[in-house]
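Dropping run-v3.cif in here (mmCIF, C-alpha atoms, pLDDT in the B column; chains and numbers go by the auth columns):
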```cif
data_my_file
#
loop_
_atom_site.group_PDB
_atom_site.id
_atom_site.type_symbol
_atom_site.label_atom_id
_atom_site.label_comp_id
_atom_site.label_asym_id
_atom_site.label_seq_id
_atom_site.Cartn_x
_atom_site.Cartn_y
_atom_site.Cartn_z
_atom_site.B_iso_or_equiv
_atom_site.auth_seq_id
_atom_site.auth_asym_id
ATOM 1 C CA MET A 1 53.285 36.220 17.245 97.00 1 A
ATOM 2 C CA LYS A 2 54.143 32.779 15.944 98.00 2 A
ATOM 3 C CA ILE A 3 51.832 30.092 17.316 98.00 3 A
ATOM 4 C CA THR A 4 50.866 26.454 16.903 98.00 4 A
ATOM 5 C CA VAL A 5 47.271 25.260 17.234 98.00 5 A
ATOM 6 C CA LEU A 6 46.652 21.602 18.077 98.00 6 A
ATOM 7 C CA GLY A 7 43.178 20.455 17.112 96.00 7 A
ATOM 8 C CA ALA A 8 43.027 22.980 14.282 97.00 8 A
ATOM 9 C CA SER A 9 40.379 20.967 12.407 96.00 9 A
ATOM 10 C CA GLY A 10 37.963 21.156 15.347 95.00 10 A
ATOM 11 C CA ARG A 11 35.401 23.886 15.913 96.00 11 A
ATOM 12 C CA ILE A 12 37.311 25.894 18.517 97.00 12 A
ATOM 13 C CA GLY A 13 40.646 25.087 16.911 98.00 13 A
ATOM 14 C CA GLY A 14 39.534 26.276 13.488 98.00 14 A
ATOM 15 C CA LEU A 15 38.160 29.508 14.930 98.00 15 A
ATOM 16 C CA THR A 16 41.424 30.012 16.809 98.00 16 A
ATOM 17 C CA VAL A 17 43.416 29.645 13.590 98.00 17 A
ATOM 18 C CA ARG A 18 41.173 32.144 11.790 98.00 18 A
ATOM 19 C CA GLU A 19 41.349 34.642 14.644 98.00 19 A
ATOM 20 C CA ALA A 20 45.145 34.390 14.862 98.00 20 A
ATOM 21 C CA LEU A 21 45.497 34.992 11.124 98.00 21 A
ATOM 22 C CA ALA A 22 43.157 37.989 11.408 98.00 22 A
ATOM 23 C CA ARG A 23 45.505 39.399 14.058 98.00 23 A
ATOM 24 C CA GLY A 24 48.432 39.100 11.674 98.00 24 A
ATOM 25 C CA TRP A 25 50.019 36.137 13.444 98.00 25 A
ATOM 26 C CA HIS A 26 51.829 33.220 11.832 98.00 26 A
ATOM 27 C CA VAL A 27 50.060 29.919 12.521 98.00 27 A
ATOM 28 C CA THR A 28 51.060 26.283 12.341 98.00 28 A
ATOM 29 C CA ALA A 29 47.885 24.193 12.272 98.00 29 A
ATOM 30 C CA VAL A 30 48.470 20.653 13.562 98.00 30 A
ATOM 31 C CA VAL A 31 45.989 18.095 12.238 96.00 31 A
ATOM 32 C CA ARG A 32 45.775 14.365 11.683 92.00 32 A
ATOM 33 C CA ASP A 33 43.823 14.740 8.432 94.00 33 A
ATOM 34 C CA PRO A 34 44.480 17.902 6.349 95.00 34 A
ATOM 35 C CA ALA A 35 41.216 17.334 4.459 95.00 35 A
ATOM 36 C CA ARG A 36 39.290 18.179 7.639 94.00 36 A
ATOM 37 C CA LEU A 37 40.873 21.629 8.024 97.00 37 A
ATOM 38 C CA THR A 38 38.242 24.206 7.070 95.00 38 A
ATOM 39 C CA VAL A 39 40.543 27.239 7.112 97.00 39 A
ATOM 40 C CA PRO A 40 41.459 28.433 3.592 96.00 40 A
ATOM 41 C CA ALA A 41 45.082 28.529 2.473 97.00 41 A
ATOM 42 C CA HIS A 42 46.911 31.620 3.692 98.00 42 A
ATOM 43 C CA PRO A 43 50.492 32.940 3.328 98.00 43 A
ATOM 44 C CA ARG A 44 50.918 32.873 7.134 98.00 44 A
ATOM 45 C CA LEU A 45 49.381 29.428 7.624 98.00 45 A
ATOM 46 C CA ASP A 46 51.400 26.208 7.692 98.00 46 A
ATOM 47 C CA VAL A 47 49.692 22.838 8.016 98.00 47 A
ATOM 48 C CA ALA A 48 51.530 20.071 9.874 97.00 48 A
ATOM 49 C CA VAL A 49 50.342 16.472 10.113 97.00 49 A
ATOM 50 C CA HIS A 50 51.283 14.836 13.407 95.00 50 A
ATOM 51 C CA SER A 51 50.016 12.242 15.835 93.00 51 A
ATOM 52 C CA LEU A 52 49.670 13.572 19.377 93.00 52 A
ATOM 53 C CA THR A 53 52.006 10.897 20.683 93.00 53 A
ATOM 54 C CA ASP A 54 54.590 11.078 17.890 92.00 54 A
ATOM 55 C CA PRO A 55 57.949 12.571 19.006 93.00 55 A
ATOM 56 C CA SER A 56 57.938 14.561 15.741 94.00 56 A
ATOM 57 C CA LEU A 57 55.201 16.749 17.247 96.00 57 A
ATOM 58 C CA ALA A 58 58.014 18.599 19.028 97.00 58 A
ATOM 59 C CA ASP A 59 59.035 20.066 15.666 96.00 59 A
ATOM 60 C CA ALA A 60 55.663 21.817 15.410 97.00 60 A
ATOM 61 C CA VAL A 61 55.656 23.357 18.904 98.00 61 A
ATOM 62 C CA THR A 62 59.240 24.310 19.757 96.00 62 A
ATOM 63 C CA GLY A 63 60.409 27.803 18.945 97.00 63 A
ATOM 64 C CA ARG A 64 56.883 29.246 18.985 98.00 64 A
ATOM 65 C CA ASP A 65 55.642 32.169 21.042 98.00 65 A
ATOM 66 C CA ALA A 66 52.617 30.125 22.056 98.00 66 A
ATOM 67 C CA VAL A 67 50.956 26.750 21.657 98.00 67 A
ATOM 68 C CA VAL A 68 47.177 26.403 21.902 98.00 68 A
ATOM 69 C CA LEU A 69 45.607 23.002 22.558 98.00 69 A
ATOM 70 C CA ALA A 70 41.940 22.907 21.546 97.00 70 A
ATOM 71 C CA LEU A 71 41.180 19.215 21.389 93.00 71 A
ATOM 72 C CA GLY A 72 37.957 17.469 22.200 80.00 72 A
ATOM 73 C CA PRO A 73 36.522 13.955 22.069 75.00 73 A
ATOM 74 C CA ALA A 74 34.119 13.131 19.260 70.00 74 A
ATOM 75 C CA ASP A 75 31.805 11.123 21.532 77.00 75 A
ATOM 76 C CA LEU A 76 31.277 9.961 25.121 79.00 76 A
ATOM 77 C CA LYS A 77 33.664 7.008 24.901 89.00 77 A
ATOM 78 C CA PRO A 78 36.869 6.740 26.951 92.00 78 A
ATOM 79 C CA THR A 79 39.553 9.024 25.538 93.00 79 A
ATOM 80 C CA THR A 80 43.093 10.204 26.188 95.00 80 A
ATOM 81 C CA VAL A 81 43.231 12.863 23.470 95.00 81 A
ATOM 82 C CA ASN A 82 43.774 15.861 25.758 96.00 82 A
ATOM 83 C CA SER A 83 46.153 14.191 28.183 97.00 83 A
ATOM 84 C CA ASP A 84 48.195 12.656 25.350 96.00 84 A
ATOM 85 C CA GLY A 85 48.511 15.978 23.546 97.00 85 A
ATOM 86 C CA THR A 86 49.339 17.848 26.728 98.00 86 A
ATOM 87 C CA ARG A 87 51.967 15.339 27.806 98.00 87 A
ATOM 88 C CA SER A 88 53.704 15.583 24.427 97.00 88 A
ATOM 89 C CA VAL A 89 53.699 19.385 24.433 98.00 89 A
ATOM 90 C CA VAL A 90 54.921 19.593 28.038 98.00 90 A
ATOM 91 C CA THR A 91 57.809 17.274 27.171 97.00 91 A
ATOM 92 C CA ALA A 92 58.761 19.502 24.245 97.00 92 A
ATOM 93 C CA LEU A 93 58.402 22.810 26.114 97.00 93 A
ATOM 94 C CA HIS A 94 60.167 22.076 29.415 94.00 94 A
ATOM 95 C CA GLY A 95 62.170 25.149 30.411 93.00 95 A
ATOM 96 C CA SER A 96 61.201 27.199 27.339 97.00 96 A
ATOM 97 C CA HIS A 97 59.579 30.639 27.263 97.00 97 A
ATOM 98 C CA THR A 98 56.715 29.419 25.052 98.00 98 A
ATOM 99 C CA ARG A 99 53.216 29.971 26.402 98.00 99 A
ATOM 100 C CA PHE A 100 50.946 26.920 26.485 98.00 100 A
ATOM 101 C CA VAL A 101 47.186 27.544 26.632 98.00 101 A
ATOM 102 C CA VAL A 102 44.719 24.654 26.835 98.00 102 A
ATOM 103 C CA VAL A 103 40.935 24.339 26.696 98.00 103 A
ATOM 104 C CA SER A 104 39.357 22.477 29.617 96.00 104 A
ATOM 105 C CA ALA A 105 35.773 22.721 30.952 93.00 105 A
ATOM 106 C CA SER A 106 34.034 24.669 33.706 88.00 106 A
ATOM 107 C CA GLY A 107 32.184 21.494 34.683 81.00 107 A
ATOM 108 C CA LEU A 108 35.275 20.129 36.400 84.00 108 A
ATOM 109 C CA PRO A 109 35.453 20.535 40.200 73.00 109 A
ATOM 110 C CA GLY A 110 37.189 23.677 41.446 70.00 110 A
ATOM 111 C CA ASP A 111 38.191 25.222 44.762 68.00 111 A
ATOM 112 C CA GLY A 112 35.819 28.142 44.297 63.00 112 A
ATOM 113 C CA ASP A 113 32.693 26.123 43.472 64.00 113 A
ATOM 114 C CA SER A 114 29.395 27.193 44.991 62.00 114 A
ATOM 115 C CA LEU A 115 27.562 24.666 47.154 59.00 115 A
ATOM 116 C CA PHE A 116 24.927 24.238 44.422 52.00 116 A
ATOM 117 C CA SER A 117 27.590 23.439 41.816 62.00 117 A
ATOM 118 C CA LYS A 118 29.562 21.218 44.144 57.00 118 A
ATOM 119 C CA LEU A 119 26.614 19.085 45.281 51.00 119 A
ATOM 120 C CA LEU A 120 24.346 19.004 42.226 48.00 120 A
ATOM 121 C CA VAL A 121 25.453 20.549 38.935 55.00 121 A
ATOM 122 C CA LYS A 122 28.982 19.224 38.642 66.00 122 A
ATOM 123 C CA PRO A 123 28.244 15.697 39.894 54.00 123 A
ATOM 124 C CA LEU A 124 25.486 15.428 37.251 59.00 124 A
ATOM 125 C CA LEU A 125 27.783 16.694 34.499 59.00 125 A
ATOM 126 C CA GLY A 126 30.545 14.420 35.714 54.00 126 A
ATOM 127 C CA ALA A 127 28.259 11.407 35.495 55.00 127 A
ATOM 128 C CA VAL A 128 27.224 12.120 31.908 58.00 128 A
ATOM 129 C CA LEU A 129 30.622 13.309 30.640 66.00 129 A
ATOM 130 C CA ARG A 130 32.767 11.162 32.892 74.00 130 A
ATOM 131 C CA ASN A 131 35.144 9.886 30.202 90.00 131 A
ATOM 132 C CA GLY A 132 35.875 13.279 28.674 90.00 132 A
ATOM 133 C CA TYR A 133 36.143 14.891 32.104 89.00 133 A
ATOM 134 C CA ALA A 134 38.515 12.184 33.327 93.00 134 A
ATOM 135 C CA ASP A 135 40.782 12.996 30.411 95.00 135 A
ATOM 136 C CA LEU A 136 40.599 16.727 31.137 96.00 136 A
ATOM 137 C CA GLN A 137 41.456 16.091 34.778 95.00 137 A
ATOM 138 C CA ARG A 138 44.495 14.086 33.708 97.00 138 A
ATOM 139 C CA MET A 139 45.443 16.945 31.403 97.00 139 A
ATOM 140 C CA GLU A 140 45.208 19.498 34.200 97.00 140 A
ATOM 141 C CA SER A 141 47.205 17.257 36.547 97.00 141 A
ATOM 142 C CA ILE A 142 49.994 17.023 33.963 98.00 142 A
ATOM 143 C CA LEU A 143 50.165 20.807 33.781 98.00 143 A
ATOM 144 C CA HIS A 144 50.176 21.254 37.550 97.00 144 A
ATOM 145 C CA GLY A 145 53.109 18.867 37.608 97.00 145 A
ATOM 146 C CA ALA A 146 55.065 20.970 35.096 97.00 146 A
ATOM 147 C CA PRO A 147 56.156 24.123 36.944 95.00 147 A
ATOM 148 C CA ASP A 148 58.755 25.006 34.312 96.00 148 A
ATOM 149 C CA VAL A 149 56.129 25.205 31.540 98.00 149 A
ATOM 150 C CA ARG A 150 54.303 28.532 31.134 98.00 150 A
ATOM 151 C CA TRP A 151 50.776 27.142 30.962 98.00 151 A
ATOM 152 C CA THR A 152 47.257 28.509 31.330 98.00 152 A
ATOM 153 C CA ILE A 153 44.109 26.405 31.670 98.00 153 A
ATOM 154 C CA VAL A 154 40.953 27.973 30.189 98.00 154 A
ATOM 155 C CA ARG A 155 37.647 26.545 31.408 96.00 155 A
ATOM 156 C CA PRO A 156 34.710 27.709 29.268 96.00 156 A
ATOM 157 C CA THR A 157 31.139 27.019 30.276 93.00 157 A
ATOM 158 C CA ARG A 158 28.588 25.466 27.861 92.00 158 A
ATOM 159 C CA LEU A 159 29.678 26.126 24.285 94.00 159 A
ATOM 160 C CA THR A 160 27.426 27.596 21.593 96.00 160 A
ATOM 161 C CA ASN A 161 27.836 28.467 17.917 95.00 161 A
ATOM 162 C CA LYS A 162 26.439 31.970 18.319 95.00 162 A
ATOM 163 C CA PRO A 163 28.402 34.950 16.950 94.00 163 A
ATOM 164 C CA ALA A 164 31.106 36.357 19.183 94.00 164 A
ATOM 165 C CA ARG A 165 30.053 39.082 21.603 89.00 165 A
ATOM 166 C CA GLU A 166 32.049 42.054 22.808 85.00 166 A
ATOM 167 C CA GLN A 167 32.649 41.118 26.418 88.00 167 A
ATOM 168 C CA VAL A 168 33.717 37.928 28.132 93.00 168 A
ATOM 169 C CA ARG A 169 33.462 37.441 31.887 95.00 169 A
ATOM 170 C CA SER A 170 36.366 35.627 33.488 96.00 170 A
ATOM 171 C CA GLU A 171 37.350 34.455 36.958 95.00 171 A
ATOM 172 C CA VAL A 172 40.703 33.056 38.046 95.00 172 A
ATOM 173 C CA GLY A 173 40.429 29.997 40.278 89.00 173 A
ATOM 174 C CA ARG A 174 36.634 29.774 40.321 88.00 174 A
ATOM 175 C CA ASP A 175 33.597 29.613 38.040 87.00 175 A
ATOM 176 C CA VAL A 176 31.879 32.690 36.636 90.00 176 A
ATOM 177 C CA ARG A 177 28.714 32.836 38.736 82.00 177 A
ATOM 178 C CA ARG A 178 25.275 32.768 37.122 78.00 178 A
ATOM 179 C CA ARG A 179 26.667 32.577 33.584 80.00 179 A
ATOM 180 C CA PHE A 180 26.080 29.337 31.716 83.00 180 A
ATOM 181 C CA GLN A 181 27.205 29.630 28.094 93.00 181 A
ATOM 182 C CA ILE A 182 29.743 31.184 25.754 97.00 182 A
ATOM 183 C CA PRO A 183 30.174 31.241 21.951 97.00 183 A
ATOM 184 C CA ARG A 184 33.069 29.185 20.627 97.00 184 A
ATOM 185 C CA ALA A 185 34.258 32.275 18.760 98.00 185 A
ATOM 186 C CA ASN A 186 34.743 34.065 22.086 98.00 186 A
ATOM 187 C CA VAL A 187 36.654 31.090 23.471 98.00 187 A
ATOM 188 C CA ALA A 188 39.009 31.272 20.491 98.00 188 A
ATOM 189 C CA ARG A 189 39.612 34.975 21.082 98.00 189 A
ATOM 190 C CA PHE A 190 40.223 34.445 24.772 98.00 190 A
ATOM 191 C CA LEU A 191 42.757 31.684 24.122 98.00 191 A
ATOM 192 C CA LEU A 192 44.839 34.090 22.050 98.00 192 A
ATOM 193 C CA ASP A 193 44.446 36.906 24.568 98.00 193 A
ATOM 194 C CA ALA A 194 45.603 34.532 27.309 98.00 194 A
ATOM 195 C CA ALA A 195 48.655 33.586 25.258 98.00 195 A
ATOM 196 C CA GLU A 196 49.767 37.220 25.483 98.00 196 A
ATOM 197 C CA ASP A 197 48.882 37.727 29.146 98.00 197 A
ATOM 198 C CA ASP A 198 51.745 36.737 31.447 97.00 198 A
ATOM 199 C CA ALA A 199 49.520 37.397 34.468 98.00 199 A
ATOM 200 C CA LEU A 200 47.711 34.156 33.597 98.00 200 A
ATOM 201 C CA VAL A 201 50.802 31.936 33.654 98.00 201 A
ATOM 202 C CA GLY A 202 50.156 28.995 35.980 98.00 202 A
ATOM 203 C CA LYS A 203 46.494 29.968 36.387 98.00 203 A
ATOM 204 C CA THR A 204 43.155 28.288 35.760 97.00 204 A
ATOM 205 C CA VAL A 205 40.638 30.789 34.440 97.00 205 A
ATOM 206 C CA SER A 206 36.921 30.206 33.829 95.00 206 A
ATOM 207 C CA ILE A 207 35.129 32.155 31.106 97.00 207 A
ATOM 208 C CA ALA A 208 31.454 32.762 30.274 95.00 208 A
ATOM 209 C CA GLN A 209 29.047 35.430 29.025 90.00 209 A
#
```
Would you mind writing the structure in this file as structure tokens?
Amino acid sequence: MKITVLGASGRIGGLTVREALARGWHVTAVVRDPARLTVPAHPRLDVAVHSLTDPSLADAVTGRDAVVLALGPADLKPTTVNSDGTRSVVTALHGSHTRFVVVSASGLPGDGDSLFSKLLVKPLLGAVLRNGYADLQRMESILHGAPDVRWTIVRPTRLTNKPAREQVRSEVGRDVRRRFQIPRANVARFLLDAAEDDALVGKTVSIAQ
């Protein structure tokens, strides 16, 4: 597999790069500042410096088997990081066979939400994380409006830095019930698994442990 990881200097992005290299894949790590990339140099690792809105980003994502977008805001301020990155990748991938897997959040509203989540949990999360969630909702809307892009939206629950565990619970189109956290290392693994799973094309899948 030949993949590109956007947000490679972030926590999930860095773990995704490491996991892909461990699987024997070739990785292009897209960053704004190479000094922030924590992954050591590797024969199958290329580092590309691009802005998310620069047309040159297309050079880093076209011709790949998969593109993984693992971006996240650094604070609670208004942001467009996920929607900007997604829009640029969608423009580059229209009509291609490349898989596009993005990280969203289980706190966003969903069709399969329980009454408790719908009326209490998610409104509270939405109030606190409203700027980041607004950006993620724009990101998901862009993907739903791109039927000729082979995308998958991955919605993890609360992220931890615990070691990866063997099993991950997943649900397509609804939250994983009564599961409230997941290690970032497991999210990274799932992103790569999803990139190889054509059954998840055009799907939103929630993951937890």
Best match for closeness to A:Asn131 among A:Val31, A:Ala199, A:Ala8, A:Ala74, counting all atoms listed in the file: A:Ala74
Selection under test: the PyMOL selection byres ((chain A and resi 135) around 12); residues as a PyMOL selection string: chain A and resi 71-73+76-87+103-105+108+126+129-134+136-142
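As for atom CA of A:Val68 and atom CA of A:Gly107, they are spaced 20.3 Å apart.
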Could you work out an axis-aligned box for stretch 145-153 of chain A, taking every atom the file lists and adding 6 Å on each side, and report centre and edge lengths in Å to one decimal, as JSON?
```
{"center_x": 51.4, "center_y": 23.7, "center_z": 34.3, "size_x": 26.6, "size_y": 21.7, "size_z": 18.6}
```
Target residues per the PyMOL selection byres ((chain A and resi 37) around 10), formatted as a PyMOL selection string: chain A and resi 7-11+13-14+29-36+38-41+47
Quick one: residues within 10 Å of (35.3, 41.7, 28.8) (file frame), counting all atoms listed in the file, please, as an mmCIF file with C-alpha atoms, in the coordinates of the input.
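Saved file result-v3.cif follows:
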```cif
data_model
loop_
_atom_site.group_PDB
_atom_site.id
_atom_site.type_symbol
_atom_site.label_atom_id
_atom_site.label_comp_id
_atom_site.auth_asym_id
_atom_site.auth_seq_id
_atom_site.Cartn_x
_atom_site.Cartn_y
_atom_site.Cartn_z
ATOM 1 C CA ARG A 165 30.053 39.082 21.603
ATOM 2 C CA GLU A 166 32.049 42.054 22.808
ATOM 3 C CA GLN A 167 32.649 41.118 26.418
ATOM 4 C CA VAL A 168 33.717 37.928 28.132
ATOM 5 C CA ARG A 169 33.462 37.441 31.887
ATOM 6 C CA SER A 170 36.366 35.627 33.488
ATOM 7 C CA PHE A 190 40.223 34.445 24.772
ATOM 8 C CA ILE A 207 35.129 32.155 31.106
ATOM 9 C CA ALA A 208 31.454 32.762 30.274
ATOM 10 C CA GLN A 209 29.047 35.430 29.025
#
```
Residues returned when the PyMOL selection byres ((chain A and resi 201) around 8) runs on this file, as a list in words: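 This file gives the following for the PyMOL selection byres ((chain A and resi 201) around 8): Arg99, Arg150, Trp151, Thr152, Asp197, Asp198, Ala199, Leu200, Gly202 and Lys203 of chain A.
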Would you put the residues from that selection into a file with C-alpha atoms, as a short mmCIF file (atom, residue, chain, number, x, y, z; two decimals), in the coordinates of the input?
```cif
data_model
loop_
_atom_site.label_atom_id
_atom_site.label_comp_id
_atom_site.auth_asym_id
_atom_site.auth_seq_id
_atom_site.Cartn_x
_atom_site.Cartn_y
_atom_site.Cartn_z
CA ARG A 99 53.22 29.97 26.40
CA ARG A 150 54.30 28.53 31.13
CA TRP A 151 50.78 27.14 30.96
CA THR A 152 47.26 28.51 31.33
CA ASP A 197 48.88 37.73 29.15
CA ASP A 198 51.74 36.74 31.45
CA ALA A 199 49.52 37.40 34.47
CA LEU A 200 47.71 34.16 33.60
CA GLY A 202 50.16 29.00 35.98
CA LYS A 203 46.49 29.97 36.39
#
```
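In this comparison, which uses all atoms listed in the file, the residue of A:Thr28, A:Glu171, A:Ile3, A:Asp46 approaching A:Thr98 most closely is A:Ile3.
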Between atom CA of A:Arg184 and atom CA of A:Val149, distance in Å (one decimal):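 Between atom CA of A:Arg184 and atom CA of A:Val149 the gap works out to 25.8 Å.
Taking atom CA of A:Thr53 as the reference point, atom CA of A:Leu93 is found at 14.6 Å.
Counting all atoms listed in the file, the residue from A:Asp193, A:Ser56, A:Val102, A:Arg44 that sits nearest to A:Val5 is A:Val102.
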8 Å contact set for A:Thr204, all atoms listed in the file, chain neighbours under 4 positions out, as a PyMOL selection string: chain A and resi 152-155+172-173+200
For A:Ala188, the nearest of the candidates A:Leu21, A:Pro43, A:Ala70, A:Val205, counting all atoms listed in the file: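 For A:Ala188, the nearest of the candidates is A:Ala70.
The shortest atom-to-atom distance to A:Val61, with all atoms listed in the file taken into account, belongs to A:Ala92 out of A:Ala92, A:Ala164, A:Ile12, A:Leu45.
With all atoms listed in the file as the basis for measurement, A:Asp175 is the residue among A:Ala66, A:Asp148, A:Leu191, A:Asp175 that approaches A:Pro109 most closely.
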Close residues, A:Lys2 itself excluded, 9 Å, all atoms listed in the file, min 4 positions apart in chain, as a list in words: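 Near A:Lys2, the qualifying residues are Trp25, His26, Val27, Thr28, Gly63, Arg64, Asp65, Ala66 and Val67 of chain A.
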